[in-house]
Amino acid sequence: MSLITETTKGLNAERAKAGLPPLTPDDRLMQSAQQHSDFMDKAKTLTHQGENEPPFDQRIRNAGYVSSYEEENIAWTTGGAQEVVKLWMGDKPHRDNILNPKITNLGLGISPPENTGDASTARYWALDLAAPLG
């Protein structure tokens, strides 16, 4: 199972515990999140907005997703899906984003990608959460 699939399942399990519907991956949000995780990996920094990079809500719009509501979680970890879900759920602002009933879609970016062959590789994670306009 891929890291993206495993992480999505973990996030949706947490939403189910809270009585919330699952989040559906959206290709545009996936593009936005991957762009940002790649940026953080290249810059070797954990940030919601880097120099000369648009804020996450603008990145989402630039990817073609017109949202009525959006949030972003980021992380840096050497672990996999279970660790990043645990990390986000253990922090109130990140947990609140994941459990927000307004959110319907997600995009997840991971850099470097899982095919590096080294399970202990530190990865930058970006999770874009949004609901479409209308």
# chains A, B, ... in the order shown; residues from 1 in each chain; ligands from 1
call {"tool": "residues_around", "arguments": {"residues": "region 120-127 of chain A", "least_positions_apart": "2", "cutoff": "7 Å", "atoms": "only C-alpha atoms", "output": "VMD selection string"}}
result
chain A and resid 33 to 34 36 to 37 40 to 41 72 to 79 106 to 112 118 129
call {"tool": "select_by_dssp", "arguments": {"residues": "region 37-107 of chain A", "states": "helix (DSSP H, G or I)", "output": "MDAnalysis selection string"}}
result
chainID A and resid 37:43 56:62 81:89 92:98
call {"tool": "closest_residue", "arguments": {"among": "A:Pro54, A:Gly80, A:Pro132, A:Pro101", "to": "Thr5 (chain A)", "atoms": "only C-alpha atoms"}}
result
A:Gly80
call {"tool": "select_by_dssp", "arguments": {"residues": "region 52-126 of chain A", "states": "strand (DSSP E or B)", "output": "list of chain:residue names"}}
result
A:Ser67, A:Ser68, A:Tyr69, A:Glu70, A:Glu71, A:Glu72, A:Asn73, A:Ile74, A:Ala75, A:Trp76, A:Thr77, A:Asn105, A:Leu106, A:Gly107, A:Leu108, A:Gly109, A:Ile110, A:Ser111, A:Arg123, A:Tyr124, A:Trp125, A:Ala126
call {"tool": "write_last_selection", "arguments": {"atoms": "N, CA, C and O atoms", "output": "PDB file, in the first residue's frame"}}
result
ATOM      1  N   SER A  67     -12.313  26.835  -3.772  1.00  0.00           N
ATOM      2  CA  SER A  67     -12.770  26.340  -2.471  1.00  0.00           C
ATOM      3  C   SER A  67     -13.670  27.342  -1.756  1.00  0.00           C
ATOM      4  O   SER A  67     -13.586  28.547  -1.966  1.00  0.00           O
ATOM      5  N   SER A  68     -14.492  26.782  -0.894  1.00  0.00           N
ATOM      6  CA  SER A  68     -15.266  27.608   0.025  1.00  0.00           C
ATOM      7  C   SER A  68     -14.578  27.639   1.384  1.00  0.00           C
ATOM      8  O   SER A  68     -14.860  28.503   2.208  1.00  0.00           O
ATOM      9  N   TYR A  69     -13.675  26.679   1.601  1.00  0.00           N
ATOM     10  CA  TYR A  69     -12.969  26.576   2.865  1.00  0.00           C
ATOM     11  C   TYR A  69     -11.712  25.750   2.631  1.00  0.00           C
ATOM     12  O   TYR A  69     -11.742  24.773   1.886  1.00  0.00           O
ATOM     13  N   GLU A  70     -10.608  26.126   3.258  1.00  0.00           N
ATOM     14  CA  GLU A  70      -9.364  25.380   3.098  1.00  0.00           C
ATOM     15  C   GLU A  70      -8.483  25.496   4.336  1.00  0.00           C
ATOM     16  O   GLU A  70      -8.552  26.489   5.057  1.00  0.00           O
ATOM     17  N   GLU A  71      -7.694  24.458   4.561  1.00  0.00           N
ATOM     18  CA  GLU A  71      -6.719  24.384   5.650  1.00  0.00           C
ATOM     19  C   GLU A  71      -5.503  23.632   5.131  1.00  0.00           C
ATOM     20  O   GLU A  71      -5.584  22.934   4.114  1.00  0.00           O
ATOM     21  N   GLU A  72      -4.389  23.747   5.859  1.00  0.00           N
ATOM     22  CA  GLU A  72      -3.195  23.001   5.482  1.00  0.00           C
ATOM     23  C   GLU A  72      -2.475  22.519   6.734  1.00  0.00           C
ATOM     24  O   GLU A  72      -2.314  23.276   7.683  1.00  0.00           O
ATOM     25  N   ASN A  73      -2.068  21.271   6.721  1.00  0.00           N
ATOM     26  CA  ASN A  73      -1.187  20.696   7.738  1.00  0.00           C
ATOM     27  C   ASN A  73       0.129  20.352   7.058  1.00  0.00           C
ATOM     28  O   ASN A  73       0.133  19.890   5.913  1.00  0.00           O
ATOM     29  N   ILE A  74       1.219  20.556   7.776  1.00  0.00           N
ATOM     30  CA  ILE A  74       2.530  20.163   7.276  1.00  0.00           C
ATOM     31  C   ILE A  74       3.245  19.377   8.365  1.00  0.00           C
ATOM     32  O   ILE A  74       2.887  19.458   9.548  1.00  0.00           O
ATOM     33  N   ALA A  75       4.239  18.611   7.964  1.00  0.00           N
ATOM     34  CA  ALA A  75       5.020  17.843   8.938  1.00  0.00           C
ATOM     35  C   ALA A  75       6.362  17.471   8.323  1.00  0.00           C
ATOM     36  O   ALA A  75       6.523  17.459   7.104  1.00  0.00           O
ATOM     37  N   TRP A  76       7.297  17.142   9.202  1.00  0.00           N
ATOM     38  CA  TRP A  76       8.592  16.575   8.813  1.00  0.00           C
ATOM     39  C   TRP A  76       8.809  15.398   9.736  1.00  0.00           C
ATOM     40  O   TRP A  76       8.751  15.537  10.960  1.00  0.00           O
ATOM     41  N   THR A  77       9.027  14.226   9.153  1.00  0.00           N
ATOM     42  CA  THR A  77       9.184  13.033   9.969  1.00  0.00           C
ATOM     43  C   THR A  77       9.967  11.968   9.212  1.00  0.00           C
ATOM     44  O   THR A  77       9.971  11.961   7.978  1.00  0.00           O
ATOM     45  N   ASN A 105     -12.528  17.309   0.907  1.00  0.00           N
ATOM     46  CA  ASN A 105     -11.480  16.794   0.019  1.00  0.00           C
ATOM     47  C   ASN A 105     -10.107  16.958   0.649  1.00  0.00           C
ATOM     48  O   ASN A 105      -9.895  17.838   1.478  1.00  0.00           O
ATOM     49  N   LEU A 106      -9.187  16.120   0.187  1.00  0.00           N
ATOM     50  CA  LEU A 106      -7.808  16.241   0.643  1.00  0.00           C
ATOM     51  C   LEU A 106      -6.852  16.077  -0.521  1.00  0.00           C
ATOM     52  O   LEU A 106      -7.171  15.470  -1.547  1.00  0.00           O
ATOM     53  N   GLY A 107      -5.689  16.631  -0.323  1.00  0.00           N
ATOM     54  CA  GLY A 107      -4.543  16.414  -1.194  1.00  0.00           C
ATOM     55  C   GLY A 107      -3.351  16.174  -0.297  1.00  0.00           C
ATOM     56  O   GLY A 107      -3.193  16.856   0.720  1.00  0.00           O
ATOM     57  N   LEU A 108      -2.524  15.214  -0.633  1.00  0.00           N
ATOM     58  CA  LEU A 108      -1.387  14.865   0.204  1.00  0.00           C
ATOM     59  C   LEU A 108      -0.131  14.825  -0.647  1.00  0.00           C
ATOM     60  O   LEU A 108      -0.101  14.159  -1.685  1.00  0.00           O
ATOM     61  N   GLY A 109       0.886  15.560  -0.213  1.00  0.00           N
ATOM     62  CA  GLY A 109       2.174  15.551  -0.888  1.00  0.00           C
ATOM     63  C   GLY A 109       3.244  15.049   0.060  1.00  0.00           C
ATOM     64  O   GLY A 109       3.242  15.403   1.239  1.00  0.00           O
ATOM     65  N   ILE A 110       4.144  14.216  -0.459  1.00  0.00           N
ATOM     66  CA  ILE A 110       5.218  13.637   0.340  1.00  0.00           C
ATOM     67  C   ILE A 110       6.511  13.762  -0.455  1.00  0.00           C
ATOM     68  O   ILE A 110       6.568  13.361  -1.613  1.00  0.00           O
ATOM     69  N   SER A 111       7.536  14.322   0.180  1.00  0.00           N
ATOM     70  CA  SER A 111       8.805  14.479  -0.511  1.00  0.00           C
ATOM     71  C   SER A 111       9.951  14.253   0.469  1.00  0.00           C
ATOM     72  O   SER A 111       9.923  14.795   1.567  1.00  0.00           O
ATOM     73  N   ARG A 123      10.994  12.846   5.570  1.00  0.00           N
ATOM     74  CA  ARG A 123      10.089  13.324   4.534  1.00  0.00           C
ATOM     75  C   ARG A 123       9.373  14.584   4.986  1.00  0.00           C
ATOM     76  O   ARG A 123       9.046  14.739   6.157  1.00  0.00           O
ATOM     77  N   TYR A 124       9.098  15.420   4.020  1.00  0.00           N
ATOM     78  CA  TYR A 124       8.253  16.589   4.225  1.00  0.00           C
ATOM     79  C   TYR A 124       6.857  16.231   3.729  1.00  0.00           C
ATOM     80  O   TYR A 124       6.702  15.696   2.630  1.00  0.00           O
ATOM     81  N   TRP A 125       5.867  16.511   4.540  1.00  0.00           N
ATOM     82  CA  TRP A 125       4.476  16.177   4.247  1.00  0.00           C
ATOM     83  C   TRP A 125       3.665  17.466   4.159  1.00  0.00           C
ATOM     84  O   TRP A 125       3.825  18.366   4.993  1.00  0.00           O
ATOM     85  N   ALA A 126       2.797  17.555   3.186  1.00  0.00           N
ATOM     86  CA  ALA A 126       1.835  18.655   3.077  1.00  0.00           C
ATOM     87  C   ALA A 126       0.460  18.035   2.870  1.00  0.00           C
ATOM     88  O   ALA A 126       0.274  17.186   2.010  1.00  0.00           O
TER      89      ALA A 126
END
call {"tool": "atom_distance", "arguments": {"atom1": "CA of Leu3 (chain A)", "atom2": "CA of Ala81 (chain A)"}}
result
5.9 Å
call {"tool": "residues_around", "arguments": {"residues": "Val66 (chain A)", "least_positions_apart": "3", "cutoff": "12 Å", "atoms": "only C-alpha atoms", "output": "NGL selection string"}}
result
:A and (26 or 28-29 or 57-63 or 69-70 or 105 or 130-134)
call {"tool": "write_last_selection", "arguments": {"atoms": "all heavy atoms", "output": "compact mmCIF listing (two decimals), in the first residue's frame"}}
result
# COMPACT_ATOMS: atom_id res chain seq x y z
N ASP A 26 -8.51 14.65 -4.06
CA ASP A 26 -8.78 15.47 -5.24
C ASP A 26 -7.45 15.71 -5.95
O ASP A 26 -6.47 16.13 -5.31
CB ASP A 26 -9.41 16.81 -4.82
CG ASP A 26 -9.72 17.69 -6.00
OD1 ASP A 26 -8.81 18.43 -6.44
OD2 ASP A 26 -10.85 17.61 -6.52
N ARG A 28 -6.40 17.99 -7.92
CA ARG A 28 -5.87 19.37 -7.86
C ARG A 28 -5.23 19.64 -6.50
O ARG A 28 -4.17 20.27 -6.42
CB ARG A 28 -6.99 20.37 -8.15
CG ARG A 28 -7.57 20.20 -9.56
CD ARG A 28 -8.92 20.82 -9.70
NE ARG A 28 -9.87 20.11 -8.84
CZ ARG A 28 -11.15 20.38 -8.77
NH1 ARG A 28 -11.67 21.37 -9.49
NH2 ARG A 28 -11.96 19.70 -7.97
N LEU A 29 -5.86 19.16 -5.44
CA LEU A 29 -5.27 19.32 -4.11
C LEU A 29 -4.02 18.48 -3.97
O LEU A 29 -3.07 18.88 -3.30
CB LEU A 29 -6.29 18.95 -3.03
CG LEU A 29 -7.51 19.86 -2.94
CD1 LEU A 29 -8.48 19.33 -1.88
CD2 LEU A 29 -7.13 21.30 -2.65
N ASP A 57 -3.67 28.83 0.30
CA ASP A 57 -4.97 29.03 -0.34
C ASP A 57 -4.80 29.46 -1.81
O ASP A 57 -5.55 29.02 -2.68
CB ASP A 57 -5.84 30.02 0.43
CG ASP A 57 -5.19 31.38 0.63
OD1 ASP A 57 -3.95 31.50 0.59
OD2 ASP A 57 -5.95 32.34 0.82
N GLN A 58 -3.78 30.23 -2.09
CA GLN A 58 -3.51 30.62 -3.48
C GLN A 58 -2.95 29.45 -4.29
O GLN A 58 -3.28 29.28 -5.46
CB GLN A 58 -2.53 31.81 -3.53
CG GLN A 58 -2.30 32.34 -4.92
CD GLN A 58 -3.57 32.89 -5.56
OE1 GLN A 58 -4.28 33.68 -4.96
NE2 GLN A 58 -3.88 32.45 -6.77
N ARG A 59 -2.11 28.61 -3.66
CA ARG A 59 -1.61 27.42 -4.35
C ARG A 59 -2.77 26.51 -4.76
O ARG A 59 -2.78 25.96 -5.86
CB ARG A 59 -0.64 26.62 -3.46
CG ARG A 59 0.73 27.21 -3.31
CD ARG A 59 1.74 26.22 -2.74
NE ARG A 59 1.26 25.38 -1.66
CZ ARG A 59 1.29 25.71 -0.36
NH1 ARG A 59 1.78 26.89 0.01
NH2 ARG A 59 0.85 24.88 0.55
N ILE A 60 -3.75 26.38 -3.87
CA ILE A 60 -4.93 25.55 -4.17
C ILE A 60 -5.69 26.14 -5.35
O ILE A 60 -6.07 25.42 -6.28
CB ILE A 60 -5.82 25.43 -2.91
CG1 ILE A 60 -5.14 24.55 -1.86
CG2 ILE A 60 -7.21 24.89 -3.28
CD1 ILE A 60 -5.82 24.57 -0.50
N ARG A 61 -5.91 27.44 -5.34
CA ARG A 61 -6.60 28.10 -6.47
C ARG A 61 -5.78 27.98 -7.75
O ARG A 61 -6.34 27.74 -8.82
CB ARG A 61 -6.88 29.57 -6.15
CG ARG A 61 -8.05 29.76 -5.21
CD ARG A 61 -8.50 31.20 -5.13
NE ARG A 61 -7.53 32.09 -4.53
CZ ARG A 61 -7.36 32.26 -3.22
NH1 ARG A 61 -8.10 31.59 -2.36
NH2 ARG A 61 -6.46 33.09 -2.75
N ASN A 62 -4.46 28.14 -7.65
CA ASN A 62 -3.60 28.01 -8.84
C ASN A 62 -3.68 26.62 -9.46
O ASN A 62 -3.49 26.45 -10.66
CB ASN A 62 -2.14 28.31 -8.49
CG ASN A 62 -1.89 29.78 -8.19
OD1 ASN A 62 -2.75 30.63 -8.40
ND2 ASN A 62 -0.72 30.08 -7.65
N ALA A 63 -3.98 25.61 -8.63
CA ALA A 63 -4.13 24.24 -9.12
C ALA A 63 -5.51 24.01 -9.74
O ALA A 63 -5.77 22.94 -10.28
CB ALA A 63 -3.89 23.24 -8.00
N TYR A 69 -13.67 26.68 1.60
CA TYR A 69 -12.97 26.58 2.86
C TYR A 69 -11.71 25.75 2.63
O TYR A 69 -11.74 24.77 1.89
CB TYR A 69 -13.86 25.87 3.91
CG TYR A 69 -13.35 26.00 5.31
CD1 TYR A 69 -13.65 27.11 6.08
CD2 TYR A 69 -12.55 25.01 5.86
CE1 TYR A 69 -13.16 27.24 7.37
CE2 TYR A 69 -12.06 25.12 7.14
CZ TYR A 69 -12.37 26.24 7.90
OH TYR A 69 -11.88 26.37 9.17
N GLU A 70 -10.61 26.13 3.26
CA GLU A 70 -9.36 25.38 3.10
C GLU A 70 -8.48 25.50 4.34
O GLU A 70 -8.55 26.49 5.06
CB GLU A 70 -8.59 25.83 1.85
CG GLU A 70 -8.06 27.24 1.88
CD GLU A 70 -9.06 28.31 1.49
OE1 GLU A 70 -9.86 28.12 0.58
OE2 GLU A 70 -9.02 29.38 2.12
N ASN A 105 -12.53 17.31 0.91
CA ASN A 105 -11.48 16.79 0.02
C ASN A 105 -10.11 16.96 0.65
O ASN A 105 -9.90 17.84 1.48
CB ASN A 105 -11.48 17.53 -1.32
CG ASN A 105 -12.74 17.34 -2.10
OD1 ASN A 105 -13.42 18.31 -2.41
ND2 ASN A 105 -13.08 16.11 -2.44
N ALA A 130 -9.80 20.84 1.92
CA ALA A 130 -10.66 21.88 1.37
C ALA A 130 -12.07 21.36 1.11
O ALA A 130 -12.31 20.15 1.14
CB ALA A 130 -10.07 22.43 0.07
N ALA A 131 -12.95 22.30 0.87
CA ALA A 131 -14.31 22.02 0.42
C ALA A 131 -14.55 22.88 -0.80
O ALA A 131 -14.17 24.07 -0.82
CB ALA A 131 -15.32 22.33 1.51
N PRO A 132 -15.18 22.34 -1.84
CA PRO A 132 -15.41 23.12 -3.06
C PRO A 132 -16.46 24.22 -2.84
O PRO A 132 -17.34 24.09 -1.98
CB PRO A 132 -15.89 22.10 -4.07
CG PRO A 132 -16.48 21.01 -3.26
CD PRO A 132 -15.72 20.99 -1.96
N LEU A 133 -16.34 25.26 -3.61
CA LEU A 133 -17.32 26.33 -3.59
C LEU A 133 -18.60 25.83 -4.23
O LEU A 133 -18.56 25.17 -5.28
CB LEU A 133 -16.79 27.55 -4.37
CG LEU A 133 -17.63 28.81 -4.34
CD1 LEU A 133 -17.75 29.33 -2.90
CD2 LEU A 133 -17.01 29.87 -5.22
N GLY A 134 -19.70 26.13 -3.59
CA GLY A 134 -21.01 25.73 -4.16
C GLY A 134 -21.29 24.36 -3.83
O GLY A 134 -22.11 23.62 -3.99
call {"tool": "closest_residue", "arguments": {"among": "A:Pro25, A:Ser2, A:Leu20, A:Asp38", "to": "Asp128 (chain A)", "atoms": "only C-alpha atoms"}}
result
A:Pro25
call {"tool": "atom_distance", "arguments": {"atom1": "CA of Met89 (chain A)", "atom2": "CA of Glu51 (chain A)"}}
result
28.2 Å
call {"tool": "atom_distance", "arguments": {"atom1": "CA of Trp88 (chain A)", "atom2": "CA of Met1 (chain A)"}}
result
20.6 Å
call {"tool": "closest_residue", "arguments": {"among": "A:Met30, A:Thr104, A:Lys86, A:Gln35", "to": "Gln49 (chain A)", "atoms": "only C-alpha atoms"}}
result
A:Gln35
